[in-house]
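Structure below is data05.cif: mmCIF, C-alpha atoms.
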data_upload
loop_
_atom_site.label_atom_id
_atom_site.label_comp_id
_atom_site.auth_asym_id
_atom_site.auth_seq_id
_atom_site.Cartn_x
_atom_site.Cartn_y
_atom_site.Cartn_z
CA MET H 1 11.60 -4.79 19.11
CA ASN H 2 10.11 -8.24 18.61
CA ILE H 3 8.24 -8.15 15.30
CA LYS H 4 7.00 -11.64 14.51
CA ALA H 5 5.65 -11.00 11.01
CA PRO H 6 8.13 -11.10 8.12
CA ILE H 7 8.88 -7.79 6.44
CA LEU H 8 9.17 -7.38 2.68
CA PHE H 9 11.29 -4.46 1.46
CA ILE H 10 10.74 -3.62 -2.21
CA ALA H 11 13.30 -1.47 -4.02
CA PHE H 12 14.52 -0.50 -7.48
CA ASN H 13 16.89 2.31 -8.49
CA ARG H 14 16.64 5.05 -5.84
CA PRO H 15 19.56 4.74 -3.42
CA LYS H 16 18.74 8.01 -1.62
CA THR H 17 15.21 7.07 -0.60
CA THR H 18 16.22 3.43 -0.17
CA GLU H 19 18.82 4.36 2.44
CA VAL H 20 16.34 6.40 4.49
CA SER H 21 13.62 3.76 4.28
CA PHE H 22 15.94 0.83 4.94
CA ASN H 23 17.47 2.57 7.95
CA ARG H 24 14.02 2.56 9.53
CA ILE H 25 13.86 -1.20 9.07
CA ARG H 26 17.32 -1.50 10.60
CA GLU H 27 15.99 0.27 13.66
CA ILE H 28 13.44 -2.44 14.38
CA GLN H 29 15.81 -5.30 13.44
CA PRO H 30 13.21 -7.79 12.15
CA SER H 31 14.03 -11.45 12.64
CA LYS H 32 12.81 -12.31 9.15
CA LEU H 33 13.41 -9.96 6.22
CA TYR H 34 12.67 -10.40 2.52
CA ILE H 35 14.27 -8.00 0.04
CA ALA H 36 13.16 -7.71 -3.58
CA ILE H 37 14.99 -5.44 -6.06
CA ASP H 38 13.83 -4.95 -9.64
CA GLY H 39 16.43 -5.08 -12.39
CA PRO H 40 17.82 -2.21 -14.50
CA ARG H 41 15.90 -0.97 -17.52
CA LYS H 42 17.59 -1.67 -20.85
CA ASP H 43 17.14 1.88 -22.12
CA LYS H 44 18.45 3.57 -18.95
CA SER H 45 22.22 3.19 -18.69
CA ASN H 46 22.35 4.69 -15.18
CA ASP H 47 20.09 1.98 -13.79
CA ILE H 48 22.87 -0.61 -13.59
CA GLU H 49 24.89 1.46 -11.14
CA LEU H 50 21.84 2.72 -9.24
CA CYS H 51 20.44 -0.79 -8.76
CA LYS H 52 23.87 -1.94 -7.61
CA GLN H 53 23.97 0.85 -5.01
CA VAL H 54 20.49 -0.11 -3.81
CA ALA H 55 21.54 -3.74 -3.42
CA GLU H 56 24.59 -2.71 -1.38
CA ILE H 57 22.41 -0.65 0.97
CA THR H 58 20.11 -3.60 1.62
CA LYS H 59 23.08 -5.81 2.52
CA ARG H 60 23.72 -3.74 5.66
CA VAL H 61 22.02 -6.23 7.92
CA ASP H 62 24.08 -6.02 11.12
CA TRP H 63 21.66 -7.84 13.40
CA ASN H 64 20.61 -11.45 13.82
CA SER H 65 18.08 -12.05 11.06
CA ASN H 66 17.02 -14.50 8.41
CA VAL H 67 17.38 -12.51 5.19
CA TYR H 68 16.17 -13.60 1.76
CA TYR H 69 16.93 -11.78 -1.51
CA LEU H 70 15.14 -11.65 -4.84
CA ILE H 71 17.36 -9.53 -7.09
CA ARG H 72 16.14 -9.35 -10.67
CA GLU H 73 18.65 -9.23 -13.51
CA GLU H 74 16.10 -7.69 -15.88
CA ASN H 75 13.49 -5.02 -15.26
CA LEU H 76 9.95 -6.24 -14.72
CA GLY H 77 8.36 -2.86 -14.14
CA CYS H 78 6.32 -1.60 -11.22
CA ARG H 79 3.36 -3.94 -11.63
CA ASP H 80 5.09 -7.27 -12.17
CA ALA H 81 8.00 -6.54 -9.84
CA VAL H 82 5.78 -5.65 -6.89
CA VAL H 83 3.17 -8.36 -7.49
CA GLY H 84 5.93 -10.92 -7.99
CA ALA H 85 7.71 -9.86 -4.81
CA ILE H 86 4.61 -10.13 -2.65
CA SER H 87 3.69 -13.47 -4.21
CA TRP H 88 7.24 -14.70 -3.57
CA VAL H 89 6.95 -13.98 0.15
CA LEU H 90 3.39 -15.20 0.58
CA SER H 91 4.20 -18.50 -1.11
CA LYS H 92 6.35 -19.15 1.97
CA GLU H 93 4.61 -17.14 4.72
CA ASP H 94 1.03 -16.64 5.89
CA ARG H 95 1.40 -12.86 6.40
CA VAL H 96 3.69 -9.98 5.52
CA ILE H 97 4.40 -6.31 6.26
CA ILE H 98 5.27 -4.48 3.03
CA ILE H 99 7.53 -1.42 2.78
CA GLU H 100 8.58 0.13 -0.52
CA ASP H 101 11.80 2.06 -0.99
CA ASP H 102 10.20 5.50 -0.66
CA VAL H 103 8.10 4.76 2.43
CA VAL H 104 9.23 5.65 5.95
CA PRO H 105 6.93 4.25 8.63
CA GLU H 106 7.05 5.25 12.26
CA ILE H 107 8.30 2.54 14.60
CA SER H 108 4.76 2.38 15.97
CA PHE H 109 3.48 1.17 12.59
CA PHE H 110 5.35 -2.12 12.85
CA ASP H 111 3.81 -2.94 16.23
CA PHE H 112 0.41 -1.89 14.92
CA ALA H 113 0.63 -4.10 11.85
CA ASP H 114 2.20 -7.04 13.68
CA ASP H 115 -0.45 -7.10 16.41
CA LEU H 116 -3.38 -6.85 14.03
CA LEU H 117 -2.00 -9.39 11.58
CA GLU H 118 -2.22 -11.88 14.41
CA LEU H 119 -5.54 -10.67 15.83
CA TYR H 120 -7.39 -10.79 12.50
CA LYS H 121 -5.51 -13.60 10.79
CA ASP H 122 -8.65 -15.73 10.45
CA ASN H 123 -11.17 -12.95 9.81
CA GLU H 124 -12.29 -13.32 6.20
CA GLU H 125 -13.92 -9.88 6.23
CA ILE H 126 -10.59 -8.05 6.40
CA GLY H 127 -8.28 -7.70 3.41
CA MET H 128 -5.41 -5.53 4.57
CA ILE H 129 -3.94 -3.25 7.24
CA SER H 130 -2.88 0.26 6.25
CA GLY H 131 -0.44 2.54 8.02
CA ASN H 132 -1.99 5.62 6.44
CA ASN H 133 -4.70 8.02 7.48
CA TYR H 134 -4.65 11.24 5.47
CA THR H 135 -7.83 12.75 6.88
CA THR H 136 -8.58 14.61 10.09
CA PHE H 137 -11.53 12.33 10.80
CA ILE H 138 -11.64 11.42 14.49
CA ASN H 139 -13.12 8.20 15.81
CA PRO H 140 -13.40 8.42 19.62
CA ASP H 141 -14.48 4.82 20.09
CA SER H 142 -11.26 3.00 19.11
CA ASP H 143 -7.70 3.52 17.88
CA TYR H 144 -8.40 2.05 14.46
CA PHE H 145 -11.45 1.29 12.36
CA PHE H 146 -12.59 -0.54 9.24
CA SER H 147 -12.99 1.09 5.87
CA LYS H 148 -13.64 0.42 2.18
CA TYR H 149 -10.65 2.62 1.41
CA ALA H 150 -6.98 2.23 2.22
CA HIS H 151 -3.52 3.30 1.10
CA ILE H 152 -0.42 1.21 0.51
CA TRP H 153 2.37 3.46 1.76
CA GLY H 154 3.22 1.03 4.55
CA TRP H 155 0.72 -1.84 4.72
CA ALA H 156 0.25 -5.50 5.55
CA THR H 157 -1.84 -8.46 4.42
CA TRP H 158 -2.22 -12.22 4.58
CA ALA H 159 -1.66 -15.07 2.14
CA ARG H 160 -5.36 -15.95 2.50
CA VAL H 161 -6.14 -12.62 0.79
CA TRP H 162 -3.28 -12.23 -1.67
CA ASN H 163 -3.59 -15.74 -3.08
CA LYS H 164 -7.08 -14.86 -4.35
CA PHE H 165 -5.89 -11.72 -6.13
CA ASP H 166 -5.34 -11.79 -9.89
CA VAL H 167 -3.74 -8.56 -11.16
CA SER H 168 -5.47 -9.06 -14.52
CA CYS H 169 -8.84 -8.68 -12.74
CA PRO H 170 -10.86 -10.87 -15.14
CA ASP H 171 -14.19 -9.77 -13.63
CA MET H 172 -13.43 -6.04 -13.86
CA LYS H 173 -15.33 -5.37 -17.09
CA ASN H 174 -18.48 -7.16 -15.92
CA THR H 175 -18.42 -5.33 -12.62
CA ILE H 176 -18.32 -2.00 -14.44
CA THR H 177 -20.72 -2.69 -17.31
CA ARG H 178 -23.37 -4.37 -15.20
CA SER H 179 -23.36 -1.51 -12.71
CA ASN H 180 -22.46 -3.95 -9.97
CA LEU H 181 -20.60 -1.06 -8.37
CA LYS H 182 -23.90 0.08 -6.89
CA THR H 183 -23.55 -2.85 -4.51
CA PHE H 184 -20.45 -1.26 -2.99
CA VAL H 185 -21.28 2.45 -2.93
CA SER H 186 -23.99 4.47 -1.22
CA HIS H 187 -23.89 7.78 -3.09
CA ALA H 188 -24.21 8.80 -6.73
CA ASP H 189 -20.94 10.75 -6.73
CA GLU H 190 -19.07 7.68 -5.50
CA PHE H 191 -20.66 5.52 -8.16
CA ASN H 192 -19.78 7.98 -10.93
CA TYR H 193 -16.21 8.39 -9.69
CA PHE H 194 -15.43 4.70 -9.38
CA LYS H 195 -17.13 3.81 -12.64
CA TRP H 196 -14.80 6.30 -14.31
CA PHE H 197 -11.77 5.21 -12.23
CA PHE H 198 -12.10 1.49 -12.91
CA THR H 199 -12.99 2.07 -16.58
CA PHE H 200 -9.86 4.19 -16.94
CA TRP H 201 -7.62 1.46 -15.54
CA TYR H 202 -9.44 -1.34 -17.36
CA LYS H 203 -8.79 0.40 -20.70
CA LYS H 204 -5.13 0.96 -19.82
CA MET H 205 -4.82 -2.71 -18.91
CA LYS H 206 -6.39 -3.85 -22.19
CA LYS H 207 -3.98 -1.60 -24.11
CA LYS H 208 -1.10 -3.05 -22.07
CA GLU H 209 -0.34 0.44 -20.75
CA ALA H 210 -1.01 -0.27 -17.08
CA ASN H 211 2.35 -0.53 -15.36
CA ALA H 212 0.64 -0.33 -11.98
CA TRP H 213 -0.79 -2.85 -9.58
CA GLY H 214 -2.40 -0.67 -6.88
CA PRO H 215 -5.61 0.23 -8.71
CA PHE H 216 -6.25 -3.43 -9.50
CA PHE H 217 -5.61 -4.58 -5.95
CA PHE H 218 -7.96 -1.85 -4.77
CA PHE H 219 -10.57 -3.11 -7.26
CA PHE H 220 -10.14 -6.60 -5.84
CA ILE H 221 -10.55 -5.41 -2.23
CA PHE H 222 -13.42 -3.10 -3.17
CA SER H 223 -15.37 -5.54 -5.33
CA LYS H 224 -15.04 -8.39 -2.84
CA GLY H 225 -16.42 -6.18 -0.08
CA LEU H 226 -13.32 -6.61 2.07
CA PHE H 227 -12.48 -4.13 4.82
CA SER H 228 -9.18 -2.39 5.37
CA ILE H 229 -7.93 -1.50 8.82
CA VAL H 230 -7.08 2.19 9.18
CA PRO H 231 -5.36 3.76 12.23
CA ILE H 232 -6.76 6.96 13.70
CA SER H 233 -3.33 8.55 13.19
CA ASN H 234 -1.07 8.56 10.15
CA LEU H 235 1.81 6.13 10.75
CA ALA H 236 3.89 6.37 7.57
CA LYS H 237 5.05 8.94 5.04
CA ASN H 238 6.21 8.82 1.45
CA ILE H 239 9.51 10.57 0.67
CA GLY H 240 9.61 9.69 -3.02
CA THR H 241 7.08 12.16 -4.42
CA GLU H 242 9.52 14.90 -5.37
CA GLY H 243 7.74 17.99 -6.59
CA LEU H 244 4.34 16.87 -5.35
CA HIS H 245 4.65 17.88 -1.71
CA THR H 246 5.28 21.48 -2.69
CA ASN H 247 1.77 21.78 -4.08
CA LYS H 248 -0.34 23.52 -1.42
CA GLN H 249 -3.55 21.85 -2.51
CA LEU H 250 -1.97 18.40 -2.29
CA SER H 251 0.02 18.90 0.91
CA GLN H 252 -3.02 18.44 3.11
CA HIS H 253 -3.22 14.82 1.94
CA TYR H 254 0.02 13.98 3.75
CA LEU H 255 -0.57 14.57 7.42
CA PRO H 256 2.29 14.37 9.95
CA THR H 257 2.98 10.93 11.35
CA GLU H 258 2.34 9.96 14.96
CA LYS H 259 5.48 8.61 16.63
CA LYS H 260 3.92 7.56 19.95
CA PHE H 261 0.85 5.82 18.55
CA ARG H 262 -0.26 2.65 20.29
CA ILE H 263 -3.46 0.64 20.42
CA ASN H 264 -5.36 1.21 23.65
CA LYS H 265 -8.89 0.63 22.40
CA HIS H 266 -9.95 -2.02 19.88
CA PRO H 267 -13.26 -1.76 18.01
CA LYS H 268 -16.03 -3.77 19.65
CA ARG H 269 -16.99 -5.39 16.36
CA VAL H 270 -15.95 -5.55 12.72
CA ILE H 271 -18.14 -3.02 10.96
CA HIS H 272 -17.03 -0.43 8.45
CA SER H 273 -17.10 3.22 9.41
CA VAL H 274 -19.69 4.83 7.16
CA GLU H 275 -18.76 8.25 8.53
CA TYR H 276 -15.06 7.85 7.75
CA ASP H 277 -15.66 6.42 4.29
CA ARG H 278 -17.86 9.34 3.30
CA TYR H 279 -15.47 11.86 4.83
CA HIS H 280 -12.50 10.22 3.14
CA PHE H 281 -14.20 10.16 -0.25
CA THR H 282 -15.33 13.77 -0.20
CA GLN H 283 -12.23 15.27 1.43
CA HIS H 284 -9.47 13.14 -0.06
CA ILE H 285 -10.53 11.13 -3.10
CA ASN H 286 -13.00 13.34 -4.91
CA GLU H 287 -11.51 16.74 -4.10
CA PRO H 288 -10.66 18.59 -7.32
CA ILE H 289 -6.94 19.00 -7.98
CA PRO H 290 -5.10 20.24 -11.09
CA LEU H 291 -5.52 17.81 -13.99
CA GLY H 292 -1.80 17.43 -14.68
CA LEU H 293 -1.08 16.69 -11.04
CA PHE H 294 -3.98 14.26 -10.92
CA LYS H 295 -2.61 12.26 -13.85
CA ARG H 296 0.78 12.03 -12.13
CA LEU H 297 -0.86 10.83 -8.96
CA LEU H 298 -2.87 8.10 -10.68
CA ASN H 299 0.25 6.00 -10.99
CA ARG H 300 1.05 6.35 -7.28
CA ILE H 301 -2.20 5.89 -5.41
CA LEU H 302 -4.35 2.96 -4.44
CA VAL H 303 -7.14 5.45 -3.64
#

Show the structure stored in the file as structure tokens.
Amino acid sequence: MNIKAPILFIAFNRPKTTEVSFNRIREIQPSKLYIAIDGPRKDKSNDIELCKQVAEITKRVDWNSNVYYLIREENLGCRDAVVGAISWVLSKEDRVIIIEDDVVPEISFFDFADDLLELYKDNEEIGMISGNNYTTFINPDSDYFFSKYAHIWGWATWARVWNKFDVSCPDMKNTITRSNLKTFVSHADEFNYFKWFFTFWYKKMKKKEANAWGPFFFFFIFSKGLFSIVPISNLAKNIGTEGLHTNKQLSQHYLPTEKKFRINKHPKRVIHSVEYDRYHFTQHINEPIPLGLFKRLLNRILV
């Protein structure tokens, strides 16, 4: 497989999921591979050995490739480790496909992301490409569409987007307090949800309790009015959510992946799918789930 875009593999201390996820990357044999591994936590003695095992797994590059490593000696945490890894790659490259150590994309995802990274490289309306579609919404007009919402379990973006992102989101408070969110939403329930959601994460950030980057990147994409590309089929799964998949109410959010997916029909123009966005919000984002489970999910989702 000839994937032109560089791939960034982000890992930490989970050798079991790392091996499964990295083996998928080995299948496509990318010609340019970046590997970032966060360091062990000081208060977790097992981390030293686990991080060492993860590093050994990522050294199994038995194909012709340019491989670059960023192995941290100290733990930065989820937010700084991920943001730093992506910034590291995009300081050298103009685009990247990002896979974390608990994400297993279908082979078709890499072609999908690679093709669209090139096709939309200069389109300032588009912020990212997602490999995820957790709804049963069907769009008969094309094999992907444009949305306000996207997930990061297998995704891609460009330096032109990432270089404008500040994880501290200095304009977050003003966007919330001035009700600027009404510019980006069409329904009262969406406005109420996202006012709560962004306020929640803003307060955690101010208290220095926000060891997450996804909600802030989503705020950036959302508040700038950027579109995300979403495939009509789900192209990647997460294998690191132990205990969550067994919940019947949550299981519907993780649809089977499509192995034979390919792009046959491109959208005729760049315009966001109002129908999908509404369907996605009501069926996936705003659907009531148990409070305890919801709190656990907040640290894992972009939206």

When the PyMOL selection byres ((chain H and resi 139) around 10) is applied to the file above, which residues end up in the set, as a PyMOL selection string? chain H and resi 136-138+140-145+231-232+273+275-276

Write out as a PyMOL selection string which residues come within 12 Å of Phe110 of chain H when counting all atoms listed in the file, dropping same-chain ones fewer than 6 positions away. chain H and resi 1-7+24-25+27-30+96-99+104+116-117+129-131+154-156+235-236+259+261-263

May I have the selected residues written with C-alpha atoms, as a CSV table (one decimal), in the coordinates of the input?
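As written to disk, result-v7.csv reads:
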chain,number,residue,atom,x,y,z
H,1,MET,CA,11.6,-4.8,19.1
H,2,ASN,CA,10.1,-8.2,18.6
H,3,ILE,CA,8.2,-8.2,15.3
H,4,LYS,CA,7.0,-11.6,14.5
H,5,ALA,CA,5.6,-11.0,11.0
H,6,PRO,CA,8.1,-11.1,8.1
H,7,ILE,CA,8.9,-7.8,6.4
H,24,ARG,CA,14.0,2.6,9.5
H,25,ILE,CA,13.9,-1.2,9.1
H,27,GLU,CA,16.0,0.3,13.7
H,28,ILE,CA,13.4,-2.4,14.4
H,29,GLN,CA,15.8,-5.3,13.4
H,30,PRO,CA,13.2,-7.8,12.2
H,96,VAL,CA,3.7,-10.0,5.5
H,97,ILE,CA,4.4,-6.3,6.3
H,98,ILE,CA,5.3,-4.5,3.0
H,99,ILE,CA,7.5,-1.4,2.8
H,104,VAL,CA,9.2,5.6,6.0
H,116,LEU,CA,-3.4,-6.8,14.0
H,117,LEU,CA,-2.0,-9.4,11.6
H,129,ILE,CA,-3.9,-3.2,7.2
H,130,SER,CA,-2.9,0.3,6.2
H,131,GLY,CA,-0.4,2.5,8.0
H,154,GLY,CA,3.2,1.0,4.6
H,155,TRP,CA,0.7,-1.8,4.7
H,156,ALA,CA,0.2,-5.5,5.6
H,235,LEU,CA,1.8,6.1,10.8
H,236,ALA,CA,3.9,6.4,7.6
H,259,LYS,CA,5.5,8.6,16.6
H,261,PHE,CA,0.8,5.8,18.6
H,262,ARG,CA,-0.3,2.6,20.3
H,263,ILE,CA,-3.5,0.6,20.4

Enter the distance from atom CA of Lys237 of chain H to atom CA of Ser65 of chain H, in Å, rounded to one decimal.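 Atom-to-atom, atom CA of Lys237 of chain H to atom CA of Ser65 of chain H, that is 25.4 Å.
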
Which of these, H:Leu50, H:Ile57, H:Val67, H:Ala159, has the shortest distance to Ile86 of chain H once you count all atoms listed in the file? H:Ala159

Between H:Phe112, H:Phe281, H:Trp213, H:Tyr149, which residue has the minimum interatomic distance to Trp201 of chain H, considering all atoms listed in the file? H:Trp213
